[in-house]
Amino acid sequence: MVRAPVNIDKIPAGPELNALVAERVMGWKELKRQSGRYWGTRKDRAGRWRRAPVQDYSRAPAMAYLVELRMKELGLVKVYEKELERIAAAQKLPAGWAAPDQRCRAALKTVRSSKVRRVK
């Protein structure tokens, strides 16, 4: 799914933000919208590509935690934490209190600004 540059801050929490996180951060491929949600292919534990619905990264705290784990895997956790602090501070909150959608936006901005071209 190739997309033009978008303003990440203006996308509301929901399917569109989830699809961006799945593609650009988590490494999903071939995302398509069906019945109000996105479906795509991702690697399972054995390394095979499987079709699955995109998780609700932008609204579920447990799924947002998976995004943070992915940032650690990519070695971008320090940059991610700084971006999360900036986003949370804009709403006068500590970074630990950031909402799942704020965590997703911080991850997207981190991947966009890093030298990682294609997340695998």
# chains A, B, ... in the order shown; residues from 1 in each chain; ligands from 1
$ select_by_dssp --residues "chain A" --states "alpha helix (DSSP H)" --output "PDB file with C-alpha atoms, in the first residue's frame"
ATOM      1  CA  PRO A  15      -8.644   2.069  11.109  1.00  0.00           C
ATOM      2  CA  GLU A  16      -6.570   4.559   9.084  1.00  0.00           C
ATOM      3  CA  LEU A  17      -4.039   5.132  11.862  1.00  0.00           C
ATOM      4  CA  ASN A  18      -3.938   1.394  12.584  1.00  0.00           C
ATOM      5  CA  ALA A  19      -3.175   0.666   8.920  1.00  0.00           C
ATOM      6  CA  LEU A  20      -0.327   3.184   8.880  1.00  0.00           C
ATOM      7  CA  VAL A  21       1.197   1.666  12.012  1.00  0.00           C
ATOM      8  CA  ALA A  22       0.815  -1.871  10.678  1.00  0.00           C
ATOM      9  CA  GLU A  23       2.488  -0.996   7.383  1.00  0.00           C
ATOM     10  CA  ARG A  24       5.196   1.459   8.375  1.00  0.00           C
ATOM     11  CA  PRO A  61      -3.314  -0.129  25.315  1.00  0.00           C
ATOM     12  CA  ALA A  62      -2.126  -3.741  24.967  1.00  0.00           C
ATOM     13  CA  MET A  63      -1.662  -3.310  21.211  1.00  0.00           C
ATOM     14  CA  ALA A  64       0.142   0.013  21.721  1.00  0.00           C
ATOM     15  CA  TYR A  65       2.575  -1.887  23.940  1.00  0.00           C
ATOM     16  CA  LEU A  66       3.388  -4.121  20.948  1.00  0.00           C
ATOM     17  CA  VAL A  67       4.314  -0.975  19.039  1.00  0.00           C
ATOM     18  CA  GLU A  68       6.763  -0.053  21.804  1.00  0.00           C
ATOM     19  CA  LEU A  69       8.283  -3.532  21.666  1.00  0.00           C
ATOM     20  CA  ARG A  70       8.717  -3.119  17.925  1.00  0.00           C
ATOM     21  CA  MET A  71      10.543   0.159  18.480  1.00  0.00           C
ATOM     22  CA  LYS A  72      12.962  -1.728  20.754  1.00  0.00           C
ATOM     23  CA  GLU A  73      13.457  -4.411  18.075  1.00  0.00           C
ATOM     24  CA  LEU A  74      14.295  -1.732  15.516  1.00  0.00           C
ATOM     25  CA  VAL A  77      13.550   3.299  21.387  1.00  0.00           C
ATOM     26  CA  LYS A  78      15.514   6.412  22.460  1.00  0.00           C
ATOM     27  CA  VAL A  79      14.247   8.488  19.536  1.00  0.00           C
ATOM     28  CA  TYR A  80      10.740   7.095  20.091  1.00  0.00           C
ATOM     29  CA  GLU A  81      10.774   8.085  23.769  1.00  0.00           C
ATOM     30  CA  LYS A  82      11.850  11.639  22.924  1.00  0.00           C
ATOM     31  CA  GLU A  83       9.088  11.939  20.320  1.00  0.00           C
ATOM     32  CA  LEU A  84       6.538  10.538  22.783  1.00  0.00           C
ATOM     33  CA  GLU A  85       7.638  13.086  25.394  1.00  0.00           C
ATOM     34  CA  ARG A  86       7.130  15.895  22.861  1.00  0.00           C
ATOM     35  CA  ILE A  87       3.656  14.673  21.927  1.00  0.00           C
ATOM     36  CA  ALA A  88       2.568  14.158  25.550  1.00  0.00           C
ATOM     37  CA  ALA A  89       4.026  17.500  26.663  1.00  0.00           C
ATOM     38  CA  ALA A  90       1.923  19.265  24.036  1.00  0.00           C
ATOM     39  CA  PRO A 100      -2.401   4.582  22.614  1.00  0.00           C
ATOM     40  CA  ASP A 101      -2.994   6.868  19.622  1.00  0.00           C
ATOM     41  CA  GLN A 102      -0.233   9.207  20.836  1.00  0.00           C
ATOM     42  CA  ARG A 103       2.125   6.242  21.112  1.00  0.00           C
ATOM     43  CA  CYS A 104       1.252   5.223  17.550  1.00  0.00           C
ATOM     44  CA  ARG A 105       1.904   8.737  16.261  1.00  0.00           C
ATOM     45  CA  ALA A 106       5.266   8.841  18.056  1.00  0.00           C
ATOM     46  CA  ALA A 107       6.246   5.507  16.470  1.00  0.00           C
ATOM     47  CA  LEU A 108       5.204   6.671  12.998  1.00  0.00           C
ATOM     48  CA  LYS A 109       7.171   9.903  13.336  1.00  0.00           C
ATOM     49  CA  THR A 110      10.198   8.001  14.630  1.00  0.00           C
ATOM     50  CA  VAL A 111      10.213   5.554  11.727  1.00  0.00           C
ATOM     51  CA  ARG A 112       9.640   8.388   9.258  1.00  0.00           C
ATOM     52  CA  SER A 113      12.587  10.397  10.607  1.00  0.00           C
TER      53      SER A 113
END
$ residues_around --residues "Leu31 (chain A)" --least-positions-apart "3" --cutoff "9 Å" --atoms "only C-alpha atoms" --output "PyMOL selection string"
chain A and resi 1+19+22-23+28+38-41+54
$ write_last_selection --atoms "C-alpha atoms" --output "mmCIF file, in the first residue's frame"
data_model
loop_
_atom_site.group_PDB
_atom_site.id
_atom_site.type_symbol
_atom_site.label_atom_id
_atom_site.label_comp_id
_atom_site.auth_asym_id
_atom_site.auth_seq_id
_atom_site.Cartn_x
_atom_site.Cartn_y
_atom_site.Cartn_z
ATOM 1 C CA MET A 1 0.000 0.000 0.000
ATOM 2 C CA ALA A 19 -3.175 0.666 8.920
ATOM 3 C CA ALA A 22 0.815 -1.871 10.678
ATOM 4 C CA GLU A 23 2.488 -0.996 7.383
ATOM 5 C CA TRP A 28 2.723 -5.654 7.319
ATOM 6 C CA TYR A 38 -8.031 -3.265 7.123
ATOM 7 C CA TRP A 39 -6.637 -6.697 6.307
ATOM 8 C CA GLY A 40 -3.094 -7.505 5.340
ATOM 9 C CA THR A 41 -0.343 -10.073 5.464
ATOM 10 C CA VAL A 54 -5.023 -5.297 11.408
#
$ atom_distance --atom1 "CA of Lys43 (chain A)" --atom2 "CA of Ala60 (chain A)"
21.0 Å
$ residues_around --residues "Asp44 (chain A)" --least-positions-apart "5" --cutoff "12 Å" --atoms "only C-alpha atoms" --output "list in words"
Gly27, Trp28, Trp49, Arg50, Arg51 and Ala52 of chain A
$ write_last_selection --atoms "N, CA and C atoms" --output "JSON list (two decimals), in the first residue's frame"
[["chain", "number", "residue", "atom", "x", "y", "z"],
["A", 27, "GLY", "N", 5.57, -3.67, 9.81],
["A", 27, "GLY", "CA", 6.07, -4.42, 8.66],
["A", 27, "GLY", "C", 5.05, -5.24, 7.90],
["A", 28, "TRP", "N", 3.76, -4.94, 8.05],
["A", 28, "TRP", "CA", 2.72, -5.65, 7.32],
["A", 28, "TRP", "C", 2.79, -5.29, 5.84],
["A", 49, "TRP", "N", 4.22, -15.76, 5.84],
["A", 49, "TRP", "CA", 3.29, -14.64, 5.67],
["A", 49, "TRP", "C", 1.87, -15.15, 5.72],
["A", 50, "ARG", "N", 1.06, -14.59, 6.61],
["A", 50, "ARG", "CA", -0.34, -14.99, 6.80],
["A", 50, "ARG", "C", -1.25, -13.78, 6.71],
["A", 51, "ARG", "N", -2.44, -14.00, 6.18],
["A", 51, "ARG", "CA", -3.45, -12.94, 6.09],
["A", 51, "ARG", "C", -4.15, -12.81, 7.43],
["A", 52, "ALA", "N", -4.34, -11.57, 7.88],
["A", 52, "ALA", "CA", -4.96, -11.33, 9.18],
["A", 52, "ALA", "C", -5.55, -9.92, 9.21]]
$ atom_distance --atom1 "CA of Gln34 (chain A)" --atom2 "CA of Asn7 (chain A)"
23.4 Å
$ select_by_dssp --residues "region 46-100 of chain A" --states "strand (DSSP E or B)" --output "list in words"
Trp49, Arg50, Arg51, Ala52 and Pro53 of chain A
$ atom_distance --atom1 "CA of Ala99 (chain A)" --atom2 "CA of Arg42 (chain A)"
25.0 Å
$ closest_residue --among "A:Leu76, A:Arg59, A:Ala95, A:Ser114" --to "Ala13 (chain A)" --atoms "only C-alpha atoms"
A:Arg59
